[in-house]
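J.: Below you'll find work-v4.cif; it's mmCIF, C-alpha atoms.
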data_model
loop_
_atom_site.label_atom_id
_atom_site.label_comp_id
_atom_site.auth_asym_id
_atom_site.auth_seq_id
_atom_site.Cartn_x
_atom_site.Cartn_y
_atom_site.Cartn_z
CA MET A 1 118.75 152.77 116.33
CA ARG A 2 116.04 152.75 118.98
CA THR A 3 113.44 151.44 116.47
CA ARG A 4 115.79 148.64 115.38
CA SER A 5 116.40 147.62 119.04
CA LEU A 6 112.68 147.66 119.77
CA ALA A 7 111.97 145.53 116.69
CA ALA A 8 114.70 143.06 117.67
CA LEU A 9 113.34 142.79 121.23
CA THR A 10 109.77 142.29 119.95
CA LEU A 11 110.92 139.58 117.56
CA ALA A 12 112.91 137.84 120.31
CA ALA A 13 109.91 137.99 122.68
CA LEU A 14 107.60 136.57 120.03
CA LEU A 15 109.97 133.74 119.20
CA ALA A 16 110.56 132.87 122.86
CA GLY A 17 106.90 132.99 123.85
CA CYS A 18 105.38 131.17 120.90
CA SER A 19 105.39 127.49 120.44
CA PRO A 20 104.70 125.76 117.15
CA ARG A 21 101.08 125.03 116.30
CA PRO A 22 99.82 121.62 117.36
CA ARG A 23 100.46 118.91 114.80
CA ALA A 24 99.46 115.32 114.37
CA PRO A 25 102.31 112.88 114.97
CA ALA A 26 104.12 111.72 111.88
CA LEU A 27 102.77 108.59 110.23
CA MET A 28 105.37 105.89 110.56
CA GLN A 29 104.81 103.58 107.61
CA GLY A 30 105.94 100.05 108.25
CA GLU A 31 105.79 100.56 112.01
CA ALA A 32 105.98 97.06 113.47
CA VAL A 33 104.22 98.00 116.72
CA TYR A 34 101.68 100.71 117.51
CA VAL A 35 102.61 102.24 120.87
CA ASN A 36 100.52 104.82 122.69
CA ALA A 37 102.65 105.85 125.66
CA GLN A 38 100.07 108.30 126.97
CA GLU A 39 97.31 105.67 127.16
CA GLY A 40 99.78 102.95 128.12
CA PHE A 41 99.08 100.28 125.51
CA ARG A 42 100.56 98.70 122.43
CA PHE A 43 99.62 96.18 119.78
CA LEU A 44 100.87 94.76 116.51
CA PRO A 45 98.86 96.02 113.53
CA PRO A 46 97.86 93.44 110.92
CA PRO A 47 100.78 92.56 108.65
CA ASN A 48 101.14 94.65 105.49
CA TRP A 49 98.46 97.15 106.51
CA THR A 50 99.21 100.86 106.11
CA MET A 51 98.68 103.44 108.84
CA SER A 52 96.34 106.10 107.46
CA HIS A 53 95.72 108.18 110.58
CA ARG A 54 97.37 108.75 113.94
CA ALA A 55 96.48 111.25 116.64
CA GLU A 56 97.47 112.18 120.15
CA VAL A 57 94.61 113.21 122.42
CA PRO A 58 95.16 115.71 125.22
CA PRO A 59 95.07 114.08 128.67
CA GLY A 60 91.93 114.37 130.74
CA PRO A 61 88.30 113.31 130.59
CA LEU A 62 86.68 112.67 127.22
CA SER A 63 83.15 113.85 126.52
CA GLU A 64 83.24 112.52 122.95
CA GLU A 65 84.93 109.65 121.17
CA ARG A 66 88.46 110.32 119.92
CA ALA A 67 90.29 108.45 117.18
CA LEU A 68 93.82 107.26 117.97
CA VAL A 69 94.99 105.33 114.92
CA ALA A 70 93.64 103.82 111.71
CA TYR A 71 95.02 101.21 109.31
CA ARG A 72 93.93 100.29 105.80
CA ARG A 73 94.65 97.48 103.40
CA PRO A 74 93.50 97.28 99.83
CA VAL A 75 91.86 93.93 99.09
CA GLY A 76 91.11 93.63 95.38
CA ASP A 77 88.54 96.31 94.59
CA ALA A 78 87.66 96.74 98.27
CA THR A 79 89.49 98.14 101.27
CA ALA A 80 89.68 96.64 104.73
CA SER A 81 90.13 98.99 107.67
CA LEU A 82 90.95 98.86 111.38
CA GLY A 83 90.50 101.90 113.58
CA VAL A 84 91.21 102.41 117.28
CA SER A 85 89.34 105.05 119.26
CA MET A 86 88.54 105.76 122.89
CA LEU A 87 85.73 107.17 124.99
CA ASP A 88 85.06 107.61 128.68
CA ILE A 89 82.15 105.37 129.68
CA PRO A 90 81.03 104.75 133.27
CA GLU A 91 82.48 101.54 134.72
CA SER A 92 78.94 100.43 135.54
CA ALA A 93 78.11 100.18 131.79
CA ASP A 94 78.04 96.61 130.47
CA LEU A 95 80.50 96.15 127.59
CA ALA A 96 78.01 93.97 125.67
CA ASP A 97 75.52 96.87 125.76
CA VAL A 98 78.26 99.27 124.69
CA ILE A 99 79.00 97.03 121.67
CA LYS A 100 75.30 96.92 120.78
CA GLN A 101 75.23 100.72 120.72
CA ARG A 102 78.07 100.69 118.14
CA ARG A 103 75.83 99.12 115.53
CA GLY A 104 75.23 102.38 113.72
CA THR A 105 72.40 102.57 111.20
CA THR A 106 69.83 99.85 110.62
CA GLU A 107 71.91 98.91 107.59
CA TRP A 108 74.06 96.88 110.01
CA GLN A 109 72.41 93.70 111.31
CA PRO A 110 73.84 91.78 114.31
CA GLU A 111 75.92 88.76 113.36
CA GLY A 112 75.46 86.50 116.39
CA GLU A 113 75.73 87.40 120.06
CA VAL A 114 78.25 89.71 121.70
CA GLU A 115 80.96 87.65 123.37
CA SER A 116 82.93 88.47 126.51
CA LEU A 117 86.74 88.35 126.31
CA GLN A 118 89.88 89.23 128.19
CA LEU A 119 92.45 91.18 126.17
CA GLY A 120 95.73 92.30 127.61
CA GLY A 121 94.43 91.25 131.02
CA ARG A 122 91.46 93.62 130.74
CA PRO A 123 87.72 92.96 130.35
CA ALA A 124 86.58 93.14 126.73
CA ALA A 125 83.68 92.27 124.44
CA ARG A 126 83.40 91.55 120.72
CA GLY A 127 80.40 91.89 118.44
CA ALA A 128 79.93 91.94 114.69
CA TYR A 129 77.43 93.47 112.31
CA ARG A 130 76.77 92.61 108.66
CA SER A 131 75.58 95.13 106.13
CA ARG A 132 72.60 94.41 103.95
CA LYS A 133 73.66 93.58 100.45
CA ALA A 134 73.19 96.37 97.95
CA ALA A 135 72.58 95.31 94.37
CA GLY A 136 75.86 93.92 93.05
CA ALA A 137 77.89 94.91 96.12
CA PRO A 138 79.45 92.41 98.52
CA ALA A 139 78.20 92.33 102.09
CA LEU A 140 80.46 93.95 104.65
CA VAL A 141 81.20 93.03 108.25
CA LYS A 142 81.91 95.57 110.96
CA GLU A 143 83.53 93.84 113.93
CA VAL A 144 83.90 95.88 117.11
CA VAL A 145 86.00 94.99 120.14
CA ALA A 146 85.65 97.13 123.26
CA VAL A 147 88.36 96.93 125.94
CA ARG A 148 87.87 98.57 129.32
CA LYS A 149 90.61 100.24 131.36
CA GLY A 150 88.84 101.81 134.31
CA GLY A 151 86.39 104.43 133.10
CA ARG A 152 87.87 104.51 129.61
CA VAL A 153 86.89 102.13 126.81
CA TYR A 154 89.06 101.53 123.74
CA PHE A 155 87.32 100.47 120.53
CA PHE A 156 88.97 98.40 117.83
CA THR A 157 86.65 98.60 114.82
CA ALA A 158 87.34 96.65 111.64
CA VAL A 159 85.35 96.72 108.39
CA PHE A 160 85.94 94.13 105.68
CA ASP A 161 84.17 91.98 103.08
CA ALA A 162 81.91 89.43 104.75
CA ASP A 163 83.46 86.54 102.82
CA ASP A 164 87.05 87.56 103.69
CA ALA A 165 87.89 85.12 106.50
CA LYS A 166 91.63 85.84 106.17
CA THR A 167 91.17 89.53 107.01
CA ARG A 168 88.94 88.70 109.99
CA GLU A 169 91.65 86.35 111.27
CA GLN A 170 94.40 88.97 110.77
CA VAL A 171 92.41 91.60 112.63
CA ARG A 172 91.62 89.28 115.54
CA LYS A 173 95.25 88.17 115.85
CA SER A 174 96.35 91.80 115.81
CA ILE A 175 93.95 92.78 118.60
CA GLU A 176 95.01 89.75 120.65
CA THR A 177 98.53 91.24 120.84
CA LEU A 178 97.19 94.15 122.90
CA SER A 179 99.26 94.72 126.03
CA TRP A 180 99.26 97.38 128.76
#
Go ahead and express the file in the form of structure tokens.
T.:
Amino acid sequence: MRTRSLAALTLAALLAGCSPRPRAPALMQGEAVYVNAQEGFRFLPPPNWTMSHRAEVPPGPLSEERALVAYRRPVGDATASLGVSMLDIPESADLADVIKQRRGTTEWQPEGEVESLQLGGRPAARGAYRSRKAAGAPALVKEVVAVRKGGRVYFFTAVFDADDAKTREQVRKSIETLSW
């Protein structure tokens, strides 16, 4: 009897003191609006794109970049993508310089100058990079928009075929819906 009572008390204590393991939020396919209540922003993803990743980041300072959400859309044999991430960057850093650092490898060549914008009432910058053509492969464009909210910068990074003007337009219209 005593062993059974002790086992029951141990089980009750374990159940009361343990919380479920952390989990990524459920992917909500067909979600009309992406809302991040913790970071305080929302935007409309491009129409007919599928959410492929969603994460919640613990509050507090960020020492490394963290992904928040990603969308994909098949386009013929290729796939277009749009990802949103964030990183703490000193407010003194120029957003154009931040965009230039997002180039990645030398495979990506600047496509024009970085432009200054306002998105959702916040300072922003947009720059694009084109990949070198590999034999038989279409060139790609990586367009990066950085939006500052205090010491935090949010990156909207899209990758798509260089000759796909419709996708570029969809991505830009989506990012223009950003609100805080």
J.: Given the point (90.0, 91.9, 109.3) in the file's coordinates, find the residues that have an atom at most 10 Å from it, counting only C-alpha atoms, and give them as an MDAnalysis selection string.
T.: chainID A and resid 46 72:73 80:82 141:143 157:162 164:174
J.: Keeping only C-alpha atoms, write the selected residues to a file as a compact mmCIF listing (two decimals), in the frame of the given file.
T.:
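Listed below is the output, part-v9.txt:
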# COMPACT_ATOMS: atom_id res chain seq x y z
CA PRO A 46 97.86 93.44 110.92
CA ARG A 72 93.93 100.29 105.80
CA ARG A 73 94.65 97.48 103.40
CA ALA A 80 89.68 96.64 104.73
CA SER A 81 90.13 98.99 107.67
CA LEU A 82 90.95 98.86 111.38
CA VAL A 141 81.20 93.03 108.25
CA LYS A 142 81.91 95.57 110.96
CA GLU A 143 83.53 93.84 113.93
CA THR A 157 86.65 98.60 114.82
CA ALA A 158 87.34 96.65 111.64
CA VAL A 159 85.35 96.72 108.39
CA PHE A 160 85.94 94.13 105.68
CA ASP A 161 84.17 91.98 103.08
CA ALA A 162 81.91 89.43 104.75
CA ASP A 164 87.05 87.56 103.69
CA ALA A 165 87.89 85.12 106.50
CA LYS A 166 91.63 85.84 106.17
CA THR A 167 91.17 89.53 107.01
CA ARG A 168 88.94 88.70 109.99
CA GLU A 169 91.65 86.35 111.27
CA GLN A 170 94.40 88.97 110.77
CA VAL A 171 92.41 91.60 112.63
CA ARG A 172 91.62 89.28 115.54
CA LYS A 173 95.25 88.17 115.85
CA SER A 174 96.35 91.80 115.81
J.: Can you tell me which residues surround segment 108-116 of chain A at a distance of at most 6 Å, considering all atoms listed in the file, apart from same-chain residues fewer than 6 positions away, and format the answer as a list in words?
T.: Ala96, Ala124, Ala125, Arg126, Gly127, Ala128, Tyr129, Arg130 and Ser131 of chain A
J.: Please write as a compact mmCIF listing (two decimals) with C-alpha atoms, in the frame of the given file the full residue list that the PyMOL selection byres ((chain A and resi 60) around 12) yields on this file.
T.:
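What landed in selection-v1.txt:
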# COMPACT_ATOMS: atom_id res chain seq x y z
CA GLN A 38 100.07 108.30 126.97
CA GLU A 39 97.31 105.67 127.16
CA VAL A 57 94.61 113.21 122.42
CA PRO A 58 95.16 115.71 125.22
CA PRO A 59 95.07 114.08 128.67
CA PRO A 61 88.30 113.31 130.59
CA LEU A 62 86.68 112.67 127.22
CA SER A 63 83.15 113.85 126.52
CA GLU A 64 83.24 112.52 122.95
CA LEU A 87 85.73 107.17 124.99
CA ASP A 88 85.06 107.61 128.68
CA GLY A 151 86.39 104.43 133.10
CA ARG A 152 87.87 104.51 129.61
J.: Would you translate the PyMOL selection byres ((chain A and resi 119) around 10) into the concrete set of residues it matches in this file, as a ChimeraX atom specification?
T.: /A:116-118,120-125,145-148,175-180
J.: Could you take the residues named above and write them with C-alpha atoms, as a PDB file, in the coordinates of the input?
T.:
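Final output, saved to selection29.pdb:
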ATOM      1  CA  SER A 116      82.930  88.470 126.510  1.00  0.00           C
ATOM      2  CA  LEU A 117      86.740  88.350 126.310  1.00  0.00           C
ATOM      3  CA  GLN A 118      89.880  89.230 128.190  1.00  0.00           C
ATOM      4  CA  GLY A 120      95.730  92.300 127.610  1.00  0.00           C
ATOM      5  CA  GLY A 121      94.430  91.250 131.020  1.00  0.00           C
ATOM      6  CA  ARG A 122      91.460  93.620 130.740  1.00  0.00           C
ATOM      7  CA  PRO A 123      87.720  92.960 130.350  1.00  0.00           C
ATOM      8  CA  ALA A 124      86.580  93.140 126.730  1.00  0.00           C
ATOM      9  CA  ALA A 125      83.680  92.270 124.440  1.00  0.00           C
ATOM     10  CA  VAL A 145      86.000  94.990 120.140  1.00  0.00           C
ATOM     11  CA  ALA A 146      85.650  97.130 123.260  1.00  0.00           C
ATOM     12  CA  VAL A 147      88.360  96.930 125.940  1.00  0.00           C
ATOM     13  CA  ARG A 148      87.870  98.570 129.320  1.00  0.00           C
ATOM     14  CA  ILE A 175      93.950  92.780 118.600  1.00  0.00           C
ATOM     15  CA  GLU A 176      95.010  89.750 120.650  1.00  0.00           C
ATOM     16  CA  THR A 177      98.530  91.240 120.840  1.00  0.00           C
ATOM     17  CA  LEU A 178      97.190  94.150 122.900  1.00  0.00           C
ATOM     18  CA  SER A 179      99.260  94.720 126.030  1.00  0.00           C
ATOM     19  CA  TRP A 180      99.260  97.380 128.760  1.00  0.00           C
TER      20      TRP A 180
END
J.: Measure the distance from atom CA of His53 of chain A to atom CA of Val69 of chain A in Å and round it to one decimal.
T.: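 Going from atom CA of His53 of chain A over to atom CA of Val69 of chain A covers 5.2 Å.
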J.: In Å, how far is it from atom CA of Val84 of chain A to atom CA of Glu65 of chain A?
T.: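 If I compute the distance from atom CA of Val84 of chain A to atom CA of Glu65 of chain A, I get 10.3 Å.
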J.: What does the PyMOL selection byres ((chain A and resi 50) around 7) select in this file, as a list in words?
T.: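 The output of the PyMOL selection byres ((chain A and resi 50) around 7) on this file is Gln29, Asn48, Trp49, Met51, Ser52, Tyr71, Arg72 and Arg73 of chain A.
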J.: Have a look at A:Thr106, A:Ala139, A:Glu56, A:Asp163 and name the one nearest to Met86 of chain A; count all atoms listed in the file.
T.: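 Residue with the minimum atom-to-atom distance to Met86 of chain A: A:Glu56.
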J.: Mind completing segment 138-167 of chain A with N, CA and C atoms? Output as a PDB file, in the frame of the given file, please?
T.:
ATOM      1  N   PRO A 138      79.266  93.449  97.504  1.00  0.00           N
ATOM      2  CA  PRO A 138      79.450  92.410  98.520  1.00  0.00           C
ATOM      3  C   PRO A 138      79.001  92.895  99.892  1.00  0.00           C
ATOM      4  N   ALA A 139      78.550  91.978 100.708  1.00  0.00           N
ATOM      5  CA  ALA A 139      78.200  92.330 102.090  1.00  0.00           C
ATOM      6  C   ALA A 139      79.470  92.675 102.842  1.00  0.00           C
ATOM      7  N   LEU A 140      79.339  93.556 103.805  1.00  0.00           N
ATOM      8  CA  LEU A 140      80.460  93.950 104.650  1.00  0.00           C
ATOM      9  C   LEU A 140      80.193  93.507 106.081  1.00  0.00           C
ATOM     10  N   VAL A 141      81.282  93.302 106.820  1.00  0.00           N
ATOM     11  CA  VAL A 141      81.200  93.030 108.250  1.00  0.00           C
ATOM     12  C   VAL A 141      81.906  94.156 108.974  1.00  0.00           C
ATOM     13  N   LYS A 142      81.276  94.617 110.048  1.00  0.00           N
ATOM     14  CA  LYS A 142      81.910  95.570 110.960  1.00  0.00           C
ATOM     15  C   LYS A 142      82.044  94.828 112.285  1.00  0.00           C
ATOM     16  N   GLU A 143      83.286  94.538 112.670  1.00  0.00           N
ATOM     17  CA  GLU A 143      83.530  93.840 113.930  1.00  0.00           C
ATOM     18  C   GLU A 143      84.108  94.842 114.917  1.00  0.00           C
ATOM     19  N   VAL A 144      83.503  94.906 116.098  1.00  0.00           N
ATOM     20  CA  VAL A 144      83.900  95.880 117.110  1.00  0.00           C
ATOM     21  C   VAL A 144      84.335  95.147 118.371  1.00  0.00           C
ATOM     22  N   VAL A 145      85.510  95.513 118.865  1.00  0.00           N
ATOM     23  CA  VAL A 145      86.000  94.990 120.140  1.00  0.00           C
ATOM     24  C   VAL A 145      86.151  96.191 121.069  1.00  0.00           C
ATOM     25  N   ALA A 146      85.551  96.080 122.242  1.00  0.00           N
ATOM     26  CA  ALA A 146      85.650  97.130 123.260  1.00  0.00           C
ATOM     27  C   ALA A 146      86.474  96.578 124.424  1.00  0.00           C
ATOM     28  N   VAL A 147      87.484  97.338 124.840  1.00  0.00           N
ATOM     29  CA  VAL A 147      88.360  96.930 125.940  1.00  0.00           C
ATOM     30  C   VAL A 147      88.301  98.021 127.006  1.00  0.00           C
ATOM     31  N   ARG A 148      88.019  97.613 128.226  1.00  0.00           N
ATOM     32  CA  ARG A 148      87.870  98.570 129.320  1.00  0.00           C
ATOM     33  C   ARG A 148      89.166  98.692 130.125  1.00  0.00           C
ATOM     34  N   LYS A 149      89.517  99.946 130.419  1.00  0.00           N
ATOM     35  CA  LYS A 149      90.610 100.240 131.360  1.00  0.00           C
ATOM     36  C   LYS A 149      90.053 101.317 132.289  1.00  0.00           C
ATOM     37  N   GLY A 150      89.491 100.878 133.405  1.00  0.00           N
ATOM     38  CA  GLY A 150      88.840 101.810 134.310  1.00  0.00           C
ATOM     39  C   GLY A 150      87.617 102.417 133.660  1.00  0.00           C
ATOM     40  N   GLY A 151      87.526 103.733 133.691  1.00  0.00           N
ATOM     41  CA  GLY A 151      86.390 104.430 133.100  1.00  0.00           C
ATOM     42  C   GLY A 151      86.563 104.748 131.628  1.00  0.00           C
ATOM     43  N   ARG A 152      87.620 104.261 131.032  1.00  0.00           N
ATOM     44  CA  ARG A 152      87.870 104.510 129.610  1.00  0.00           C
ATOM     45  C   ARG A 152      87.708 103.201 128.842  1.00  0.00           C
ATOM     46  N   VAL A 153      87.069 103.291 127.669  1.00  0.00           N
ATOM     47  CA  VAL A 153      86.890 102.130 126.810  1.00  0.00           C
ATOM     48  C   VAL A 153      87.580 102.419 125.477  1.00  0.00           C
ATOM     49  N   TYR A 154      88.335 101.445 125.008  1.00  0.00           N
ATOM     50  CA  TYR A 154      89.060 101.530 123.740  1.00  0.00           C
ATOM     51  C   TYR A 154      88.327 100.647 122.741  1.00  0.00           C
ATOM     52  N   PHE A 155      88.046 101.194 121.568  1.00  0.00           N
ATOM     53  CA  PHE A 155      87.320 100.470 120.530  1.00  0.00           C
ATOM     54  C   PHE A 155      88.246 100.134 119.376  1.00  0.00           C
ATOM     55  N   PHE A 156      88.266  98.880 119.006  1.00  0.00           N
ATOM     56  CA  PHE A 156      88.970  98.400 117.830  1.00  0.00           C
ATOM     57  C   PHE A 156      87.873  98.028 116.835  1.00  0.00           C
ATOM     58  N   THR A 157      87.738  98.789 115.773  1.00  0.00           N
ATOM     59  CA  THR A 157      86.650  98.600 114.820  1.00  0.00           C
ATOM     60  C   THR A 157      87.221  98.267 113.455  1.00  0.00           C
ATOM     61  N   ALA A 158      86.871  97.095 112.946  1.00  0.00           N
ATOM     62  CA  ALA A 158      87.340  96.650 111.640  1.00  0.00           C
ATOM     63  C   ALA A 158      86.154  96.527 110.692  1.00  0.00           C
ATOM     64  N   VAL A 159      86.368  96.880 109.440  1.00  0.00           N
ATOM     65  CA  VAL A 159      85.350  96.720 108.390  1.00  0.00           C
ATOM     66  C   VAL A 159      86.028  96.008 107.230  1.00  0.00           C
ATOM     67  N   PHE A 160      85.368  94.939 106.749  1.00  0.00           N
ATOM     68  CA  PHE A 160      85.940  94.130 105.680  1.00  0.00           C
ATOM     69  C   PHE A 160      84.825  93.367 104.972  1.00  0.00           C
ATOM     70  N   ASP A 161      85.146  92.799 103.806  1.00  0.00           N
ATOM     71  CA  ASP A 161      84.170  91.980 103.080  1.00  0.00           C
ATOM     72  C   ASP A 161      83.742  90.805 103.935  1.00  0.00           C
ATOM     73  N   ALA A 162      82.460  90.498 103.914  1.00  0.00           N
ATOM     74  CA  ALA A 162      81.910  89.430 104.750  1.00  0.00           C
ATOM     75  C   ALA A 162      82.508  88.065 104.426  1.00  0.00           C
ATOM     76  N   ASP A 163      82.906  87.850 103.193  1.00  0.00           N
ATOM     77  CA  ASP A 163      83.460  86.540 102.820  1.00  0.00           C
ATOM     78  C   ASP A 163      84.988  86.488 102.927  1.00  0.00           C
ATOM     79  N   ASP A 164      85.593  87.475 103.561  1.00  0.00           N
ATOM     80  CA  ASP A 164      87.050  87.560 103.690  1.00  0.00           C
ATOM     81  C   ASP A 164      87.494  87.049 105.066  1.00  0.00           C
ATOM     82  N   ALA A 165      87.518  85.734 105.226  1.00  0.00           N
ATOM     83  CA  ALA A 165      87.890  85.120 106.500  1.00  0.00           C
ATOM     84  C   ALA A 165      89.343  85.426 106.877  1.00  0.00           C
ATOM     85  N   LYS A 166      90.222  85.568 105.892  1.00  0.00           N
ATOM     86  CA  LYS A 166      91.630  85.840 106.170  1.00  0.00           C
ATOM     87  C   LYS A 166      91.793  87.206 106.859  1.00  0.00           C
ATOM     88  N   THR A 167      91.074  88.211 106.389  1.00  0.00           N
ATOM     89  CA  THR A 167      91.170  89.530 107.010  1.00  0.00           C
ATOM     90  C   THR A 167      90.622  89.488 108.429  1.00  0.00           C
TER      91      THR A 167
END
